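> The following file, entry_32.cif, comprises mmCIF, C-alpha atoms and all ligand atoms:
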```cif
data_structure
#
loop_
_atom_site.label_atom_id
_atom_site.label_comp_id
_atom_site.auth_asym_id
_atom_site.auth_seq_id
_atom_site.Cartn_x
_atom_site.Cartn_y
_atom_site.Cartn_z
CA MET A 7 17.10 -28.54 8.39
CA SER A 8 14.92 -28.37 11.48
CA ALA A 9 11.33 -29.44 11.96
CA SER A 10 10.22 -25.83 12.24
CA SER A 11 12.00 -24.46 9.16
CA PRO A 12 9.67 -23.04 6.56
CA VAL A 13 9.76 -25.04 3.33
CA VAL A 14 10.53 -21.85 1.41
CA GLU A 15 11.87 -18.70 2.99
CA LEU A 16 13.08 -15.36 1.64
CA ARG A 17 15.12 -13.02 3.78
CA GLY A 18 15.71 -9.49 2.59
CA VAL A 19 15.71 -10.50 -1.07
CA THR A 20 16.48 -7.74 -3.53
CA LYS A 21 16.62 -7.91 -7.29
CA ALA A 22 17.16 -5.30 -9.97
CA TYR A 23 17.14 -5.50 -13.74
CA GLY A 24 19.67 -2.83 -14.61
CA GLU A 25 18.35 0.41 -13.15
CA LEU A 26 14.96 -1.09 -12.37
CA GLN A 27 14.72 -2.20 -8.73
CA VAL A 28 12.09 -4.95 -8.89
CA LEU A 29 12.35 -6.55 -5.42
CA ARG A 30 13.34 -4.22 -2.59
CA GLY A 31 13.72 -6.49 0.40
CA ILE A 32 11.31 -9.38 0.48
CA ASP A 33 10.77 -11.39 3.67
CA LEU A 34 8.47 -14.34 3.25
CA ALA A 35 8.02 -17.78 4.77
CA VAL A 36 5.95 -20.60 3.32
CA HIS A 37 5.36 -23.30 5.90
CA GLU A 38 4.63 -26.92 5.17
CA HIS A 39 1.07 -27.61 3.89
CA LYS A 40 0.34 -23.89 3.60
CA ALA A 41 -0.74 -21.98 0.52
CA ILE A 42 0.36 -18.38 0.17
CA ALA A 43 -1.13 -16.15 -2.49
CA LEU A 44 0.92 -13.26 -3.83
CA ILE A 45 -1.24 -10.53 -5.28
CA GLY A 46 -0.34 -7.18 -6.76
CA ALA A 47 -0.53 -5.08 -9.89
CA SER A 48 1.05 -6.17 -13.13
CA GLY A 49 4.75 -5.35 -12.94
CA SER A 50 4.91 -5.41 -9.14
CA GLY A 51 7.46 -8.25 -9.20
CA LYS A 52 5.39 -11.38 -8.55
CA SER A 53 6.88 -13.51 -11.32
CA THR A 54 10.38 -12.27 -10.55
CA LEU A 55 9.94 -13.33 -6.93
CA LEU A 56 8.99 -16.88 -7.98
CA ARG A 57 11.82 -17.01 -10.50
CA CYS A 58 14.31 -15.97 -7.83
CA ILE A 59 13.13 -18.84 -5.60
CA ASP A 60 13.59 -21.33 -8.42
CA LEU A 61 17.01 -19.75 -9.16
CA LEU A 62 15.95 -18.86 -12.68
CA ASP A 63 16.94 -15.30 -11.81
CA GLU A 64 19.90 -14.38 -9.66
CA ILE A 65 19.17 -12.25 -6.61
CA ASP A 66 21.32 -9.25 -5.71
CA ASP A 67 21.07 -9.43 -1.95
CA GLY A 68 19.43 -11.45 0.81
CA ASP A 69 18.89 -15.18 0.94
CA VAL A 70 16.50 -17.81 -0.32
CA LEU A 71 16.23 -20.89 1.89
CA ILE A 72 14.64 -24.25 1.19
CA ASP A 73 14.02 -26.33 4.31
CA GLY A 74 16.41 -24.08 6.18
CA GLU A 75 19.24 -24.39 3.68
CA VAL A 76 20.52 -21.25 2.00
CA VAL A 77 20.20 -22.13 -1.68
CA THR A 78 21.38 -18.78 -3.02
CA ASP A 79 24.87 -19.58 -1.79
CA PRO A 80 27.26 -19.76 -4.77
CA SER A 81 28.26 -23.29 -3.78
CA VAL A 82 24.72 -24.60 -4.35
CA ARG A 83 23.97 -25.93 -7.83
CA PRO A 84 20.69 -24.51 -9.22
CA PRO A 85 19.51 -27.76 -10.88
CA ALA A 86 19.67 -29.54 -7.54
CA VAL A 87 17.51 -26.81 -6.01
CA ARG A 88 15.01 -26.85 -8.88
CA ARG A 89 14.53 -30.56 -8.36
CA ARG A 90 13.17 -29.78 -4.91
CA LEU A 91 10.53 -27.39 -6.27
CA GLY A 92 7.82 -27.64 -8.88
CA MET A 93 7.12 -24.59 -11.01
CA VAL A 94 4.13 -24.01 -13.26
CA PHE A 95 4.05 -21.04 -15.60
CA GLN A 96 1.29 -19.05 -17.18
CA ALA A 97 1.96 -20.60 -20.59
CA PHE A 98 1.97 -24.33 -19.88
CA ASN A 99 5.40 -24.96 -21.47
CA LEU A 100 4.81 -28.65 -22.12
CA PHE A 101 7.28 -30.40 -24.40
CA PRO A 102 5.33 -30.51 -27.69
CA HIS A 103 7.15 -33.56 -29.07
CA LEU A 104 6.43 -35.69 -25.99
CA THR A 105 3.16 -37.37 -25.04
CA VAL A 106 1.37 -36.47 -21.82
CA LEU A 107 2.83 -39.51 -20.10
CA GLU A 108 6.34 -38.72 -21.35
CA ASN A 109 6.00 -35.10 -20.23
CA VAL A 110 5.03 -36.20 -16.74
CA THR A 111 7.63 -38.98 -16.34
CA LEU A 112 10.60 -37.13 -17.81
CA ALA A 113 11.83 -35.39 -14.64
CA PRO A 114 11.25 -38.32 -12.29
CA ARG A 115 13.15 -40.62 -14.67
CA ARG A 116 15.98 -38.28 -15.69
CA ALA A 117 16.57 -36.15 -12.62
CA HIS A 118 15.34 -38.41 -9.88
CA LYS A 119 16.39 -41.74 -11.39
CA VAL A 120 13.01 -43.34 -10.83
CA ARG A 121 12.48 -46.56 -12.81
CA ARG A 122 10.22 -46.24 -15.82
CA ALA A 123 7.50 -48.58 -14.53
CA GLU A 124 7.34 -46.79 -11.20
CA ALA A 125 7.36 -43.31 -12.79
CA GLU A 126 4.57 -44.34 -15.16
CA GLU A 127 2.46 -45.81 -12.43
CA ARG A 128 2.64 -42.62 -10.40
CA ALA A 129 2.04 -40.52 -13.51
CA ARG A 130 -1.11 -42.48 -14.41
CA GLU A 131 -2.38 -42.18 -10.87
CA LEU A 132 -1.82 -38.41 -10.80
CA LEU A 133 -3.28 -37.90 -14.27
CA ALA A 134 -6.41 -39.77 -13.21
CA ARG A 135 -6.70 -37.68 -10.07
CA PHE A 136 -6.57 -34.51 -12.16
CA GLY A 137 -9.19 -35.70 -14.64
CA LEU A 138 -6.75 -36.71 -17.36
CA ALA A 139 -7.22 -40.48 -17.46
CA GLY A 140 -7.19 -41.67 -21.08
CA ARG A 141 -4.97 -38.74 -22.19
CA GLU A 142 -1.65 -40.44 -21.44
CA ASP A 143 -0.72 -40.97 -25.09
CA SER A 144 -1.98 -37.65 -26.43
CA TYR A 145 0.40 -34.96 -27.61
CA PRO A 146 -0.09 -31.52 -26.02
CA ASP A 147 -1.52 -29.93 -29.16
CA ARG A 148 -4.44 -32.36 -29.03
CA LEU A 149 -5.47 -31.02 -25.62
CA SER A 150 -7.39 -27.93 -24.59
CA GLY A 151 -5.52 -25.18 -22.75
CA GLY A 152 -7.13 -26.26 -19.50
CA GLN A 153 -6.03 -29.85 -20.02
CA GLN A 154 -2.51 -28.76 -20.93
CA GLN A 155 -2.25 -26.66 -17.79
CA ARG A 156 -3.47 -29.58 -15.68
CA VAL A 157 -0.79 -31.75 -17.28
CA ALA A 158 1.76 -29.05 -16.41
CA ILE A 159 0.56 -29.17 -12.80
CA VAL A 160 0.80 -32.97 -12.72
CA ARG A 161 4.26 -32.77 -14.29
CA ALA A 162 5.41 -30.35 -11.58
CA LEU A 163 3.92 -32.59 -8.89
CA ALA A 164 5.26 -35.91 -10.19
CA PRO A 165 8.76 -35.69 -8.65
CA ASN A 166 7.25 -35.01 -5.20
CA PRO A 167 8.59 -31.48 -4.80
CA ARG A 168 8.78 -29.82 -1.42
CA ALA A 169 6.65 -26.96 -2.73
CA LEU A 170 4.89 -25.83 -5.87
CA LEU A 171 5.35 -22.36 -7.31
CA LEU A 172 2.35 -21.46 -9.48
CA ASP A 173 2.67 -18.32 -11.58
CA GLU A 174 -0.66 -17.04 -12.92
CA VAL A 175 -1.65 -20.53 -14.00
CA THR A 176 -5.05 -19.41 -15.30
CA SER A 177 -4.07 -16.15 -17.04
CA ALA A 178 -3.47 -17.62 -20.50
CA LEU A 179 -6.70 -19.62 -20.55
CA ASP A 180 -10.00 -18.92 -22.22
CA PRO A 181 -12.49 -17.94 -19.51
CA GLU A 182 -14.46 -21.18 -19.78
CA LEU A 183 -11.31 -23.19 -18.99
CA VAL A 184 -10.26 -21.27 -15.88
CA GLY A 185 -12.56 -23.22 -13.57
CA GLU A 186 -11.06 -26.65 -14.22
CA VAL A 187 -7.55 -25.39 -13.49
CA LEU A 188 -8.67 -23.66 -10.29
CA GLU A 189 -10.29 -26.96 -9.35
CA ALA A 190 -6.90 -28.66 -9.83
CA VAL A 191 -5.29 -26.15 -7.47
CA ARG A 192 -8.06 -26.79 -4.93
CA GLU A 193 -7.17 -30.46 -5.19
CA LEU A 194 -3.51 -29.62 -4.50
CA LYS A 195 -4.56 -27.66 -1.45
CA ALA A 196 -6.75 -30.52 -0.25
CA GLU A 197 -3.74 -32.81 -0.57
CA GLY A 198 -1.75 -30.48 1.67
CA ILE A 199 0.75 -29.48 -1.01
CA THR A 200 2.85 -26.49 0.07
CA MET A 201 2.29 -23.70 -2.45
CA LEU A 202 3.22 -20.18 -3.36
CA ILE A 203 0.75 -18.86 -5.91
CA THR A 204 0.55 -15.64 -7.87
CA THR A 205 -2.89 -14.89 -9.19
CA HIS A 206 -5.26 -12.26 -10.48
CA GLU A 207 -8.21 -14.35 -9.34
CA MET A 208 -9.00 -12.62 -6.06
CA GLY A 209 -11.99 -14.80 -5.24
CA PHE A 210 -9.80 -17.81 -5.65
CA ALA A 211 -6.92 -16.37 -3.58
CA ARG A 212 -9.43 -15.67 -0.85
CA GLU A 213 -10.75 -19.21 -0.95
CA VAL A 214 -7.56 -21.25 -1.22
CA ALA A 215 -4.84 -19.22 0.52
CA ASP A 216 -3.88 -19.46 4.16
CA GLU A 217 -2.14 -16.13 3.84
CA VAL A 218 -2.29 -13.36 1.26
CA CYS A 219 0.67 -11.08 0.55
CA PHE A 220 0.18 -7.85 -1.35
CA LEU A 221 3.22 -6.85 -3.37
CA HIS A 222 3.58 -3.20 -4.30
CA GLU A 223 6.62 -1.81 -6.11
CA GLY A 224 8.83 -4.66 -4.97
CA LEU A 225 7.79 -4.73 -1.32
CA ILE A 226 5.20 -6.79 0.53
CA VAL A 227 3.32 -3.83 1.98
CA GLU A 228 0.58 -5.89 3.62
CA ARG A 229 0.01 -9.53 4.53
CA GLY A 230 -2.55 -11.43 6.48
CA ALA A 231 -5.44 -13.84 6.48
CA PRO A 232 -7.51 -13.59 3.28
CA GLU A 233 -10.53 -12.35 5.23
CA GLU A 234 -8.50 -9.44 6.64
CA ILE A 235 -6.86 -8.46 3.39
CA PHE A 236 -10.00 -8.63 1.28
CA THR A 237 -12.50 -7.19 3.74
CA ALA A 238 -10.42 -4.77 5.78
CA PRO A 239 -7.13 -3.89 4.07
CA ARG A 240 -5.14 -1.46 6.20
CA GLN A 241 -2.64 -0.01 3.75
CA PRO A 242 -3.76 2.66 1.28
CA GLU A 243 -1.92 0.84 -1.57
CA THR A 244 -3.84 -2.38 -0.87
CA GLN A 245 -7.11 -0.46 -0.63
CA ARG A 246 -6.47 1.25 -3.96
CA PHE A 247 -5.49 -2.02 -5.65
CA LEU A 248 -8.58 -3.88 -4.47
CA ARG A 249 -10.91 -0.97 -5.20
CA ARG A 250 -9.68 -0.87 -8.82
CA LEU A 251 -10.68 -4.51 -9.23
CA LEU A 252 -14.28 -3.96 -8.20
P1 LIG A 301 4.53 -9.25 -12.28
O1 LIG A 301 4.72 -10.73 -12.41
O2 LIG A 301 4.08 -8.82 -10.92
O3 LIG A 301 3.64 -8.70 -13.35
P2 LIG A 301 7.31 -9.16 -13.07
O4 LIG A 301 8.08 -9.82 -12.00
O5 LIG A 301 7.06 -9.94 -14.31
O6 LIG A 301 5.95 -8.57 -12.48
O7 LIG A 301 8.06 -7.85 -13.53
C1 LIG A 301 8.46 -6.85 -12.60
C2 LIG A 301 9.19 -5.76 -13.36
O8 LIG A 301 10.43 -6.29 -13.84
C3 LIG A 301 8.45 -5.25 -14.58
O9 LIG A 301 8.68 -3.86 -14.68
C4 LIG A 301 9.11 -5.99 -15.73
O10 LIG A 301 9.04 -5.25 -16.91
C5 LIG A 301 10.53 -6.12 -15.24
N1 LIG A 301 11.22 -7.33 -15.76
C6 LIG A 301 10.80 -8.62 -15.57
N2 LIG A 301 11.67 -9.48 -16.13
C7 LIG A 301 12.66 -8.72 -16.69
C8 LIG A 301 13.86 -9.03 -17.42
N3 LIG A 301 14.23 -10.28 -17.66
N4 LIG A 301 14.63 -8.00 -17.81
C9 LIG A 301 14.27 -6.72 -17.55
N5 LIG A 301 13.16 -6.36 -16.87
C10 LIG A 301 12.36 -7.34 -16.44
MG MG A 302 3.86 -12.15 -13.64
#
```
Would it be possible to restate this file's structure as structure tokens?

Amino acid sequence: MSASSPVVELRGVTKAYGELQVLRGIDLAVHEHKAIALIGASGSGKSTLLRCIDLLDEIDDGDVLIDGEVVTDPSVRPPAVRRRLGMVFQAFNLFPHLTVLENVTLAPRRAHKVRRAEAEERARELLARFGLAGREDSYPDRLSGGQQQRVAIVRALAPNPRALLLDEVTSALDPELVGEVLEAVRELKAEGITMLITTHEMGFAREVADEVCFLHEGLIVERGAPEEIFTAPRQPETQRFLRRLL
């Protein structure tokens, strides 16, 4: 690991499901404290890309590196890699039989061997910061979708991951609940959390991302500052994609 290594890096990553080539050679670097937004049509491979970084899917070729270490090497154990990343999915995936506090302290206590008192103190602090004070003892089904997703974000953040991978974290929410979850991601950005985000919320990508990557048929066909991508896209595929959203 060197000071200049990106936190997350993909080099020539390819991935197919059977005959379907989903990622065709992805190069991407997420540097410390940066937020990168991945945009692209449904089916373009955004979720697959995040899953390959978290080693939930096995890549066919190329490398994924975390802090300069090749983690797609067969000698690397996936659980050890996952402990260095925090992933949040579209459908919150909280443990229904655990309270909010138990959901948030589980990984720090089990995987990171943090003492209960210490894990709970950090959990309470984070929950308060994300507007969830007083919810510690609630079960997920007593919470709104927006609250559940904020708990999922806090849970991902609790073990102090090197980066967060956020996959369409507002897509499963009722429209009136989207704002509070976007606000939580703004808070992450303000804290300098390194993030790779997939989203359909273009206004939000524009606001929060340091760099936007447009994925088309398994390739990043255009990348740049949000202002460039959203006001003056150069590639015809990007232009078509953004025009359809208007
Ligand atoms: P996005 O997140 O951009 O909508 P995905 O990464 O979910 O795209 O999917 C990319 C393509 O891969 C889609 O055509 C999808 O149907 C296919 N796909 C995703 N996961 C699997 C899987 N486990 N098995 C087979 N095909 C899959
Ligand atoms: Mg997806």
> Taking all atoms listed in the file into account, report as JSON, numbers by chain which residues have an atom no farther than 8 Å from an atom of ligand LIG 301 (chain A).
{"A": [22, 23, 24, 26, 27, 28, 45, 46, 47, 48, 49, 50, 51, 52, 53, 54, 55, 173, 204, 221, 224]}
> Smallest atom-to-atom distance to Gln245 in chain A: which of A:Arg168, A:Arg89, A:His222, A:Lys119, using all atoms listed in the file?
A:His222
> Just to confirm, what's the straight-line distance from CA of Arg156 in chain A to CA of Lys40 in chain A in Å (one decimal)?
20.5 Å
> Would you please work out which residue, of A:Leu251, A:Met201, A:Leu133, A:Val94, is nearest to Ala43 in chain A when using all atoms listed in the file?
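Ranked by minimum distance to Ala43 in chain A, first place goes to A:Met201.
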> Would you kindly return, as a PyMOL selection string, each protein, DNA or RNA residue with an atom no farther than 10 Å from any atom of range 71-75 of chain A, considering all atoms listed in the file and excluding same-chain residues fewer than 3 positions away?
chain A and resi 7-17+35-38+59+78-79+82+87+90-91+168-169
> Add whatever atoms are absent from range 233-246 of chain A to reach N, CA and C atoms, and provide the output as an mmCIF file, keeping the file's coordinate frame.

```
data_model
loop_
_atom_site.group_PDB
_atom_site.id
_atom_site.type_symbol
_atom_site.label_atom_id
_atom_site.label_comp_id
_atom_site.auth_asym_id
_atom_site.auth_seq_id
_atom_site.Cartn_x
_atom_site.Cartn_y
_atom_site.Cartn_z
ATOM 1 N N GLU A 233 -9.376 -13.129 4.770
ATOM 2 C CA GLU A 233 -10.530 -12.350 5.230
ATOM 3 C C GLU A 233 -10.130 -10.929 5.585
ATOM 4 N N GLU A 234 -8.980 -10.787 6.266
ATOM 5 C CA GLU A 234 -8.500 -9.440 6.640
ATOM 6 C C GLU A 234 -8.161 -8.624 5.412
ATOM 7 N N ILE A 235 -7.355 -9.226 4.536
ATOM 8 C CA ILE A 235 -6.860 -8.460 3.390
ATOM 9 C C ILE A 235 -8.010 -8.035 2.484
ATOM 10 N N PHE A 236 -8.944 -8.945 2.259
ATOM 11 C CA PHE A 236 -10.000 -8.630 1.280
ATOM 12 C C PHE A 236 -11.165 -7.855 1.875
ATOM 13 N N THR A 237 -11.367 -7.942 3.184
ATOM 14 C CA THR A 237 -12.500 -7.190 3.740
ATOM 15 C C THR A 237 -12.067 -5.916 4.456
ATOM 16 N N ALA A 238 -10.846 -5.954 5.037
ATOM 17 C CA ALA A 238 -10.420 -4.770 5.780
ATOM 18 C C ALA A 238 -8.934 -4.476 5.568
ATOM 19 N N PRO A 239 -8.545 -4.198 4.312
ATOM 20 C CA PRO A 239 -7.130 -3.890 4.070
ATOM 21 C C PRO A 239 -6.754 -2.606 4.815
ATOM 22 N N ARG A 240 -5.541 -2.610 5.383
ATOM 23 C CA ARG A 240 -5.140 -1.460 6.200
ATOM 24 C C ARG A 240 -4.330 -0.433 5.413
ATOM 25 N N GLN A 241 -3.539 -0.937 4.440
ATOM 26 C CA GLN A 241 -2.640 -0.010 3.750
ATOM 27 C C GLN A 241 -3.360 0.658 2.575
ATOM 28 N N PRO A 242 -3.097 1.943 2.376
ATOM 29 C CA PRO A 242 -3.760 2.660 1.280
ATOM 30 C C PRO A 242 -3.480 2.012 -0.086
ATOM 31 N N GLU A 243 -2.242 1.459 -0.275
ATOM 32 C CA GLU A 243 -1.920 0.840 -1.570
ATOM 33 C C GLU A 243 -2.793 -0.393 -1.809
ATOM 34 N N THR A 244 -2.997 -1.186 -0.742
ATOM 35 C CA THR A 244 -3.840 -2.380 -0.870
ATOM 36 C C THR A 244 -5.283 -1.947 -1.148
ATOM 37 N N GLN A 245 -5.733 -0.944 -0.446
ATOM 38 C CA GLN A 245 -7.110 -0.460 -0.630
ATOM 39 C C GLN A 245 -7.330 0.005 -2.053
ATOM 40 N N ARG A 246 -6.355 0.755 -2.571
ATOM 41 C CA ARG A 246 -6.470 1.250 -3.960
ATOM 42 C C ARG A 246 -6.500 0.105 -4.950
#
```
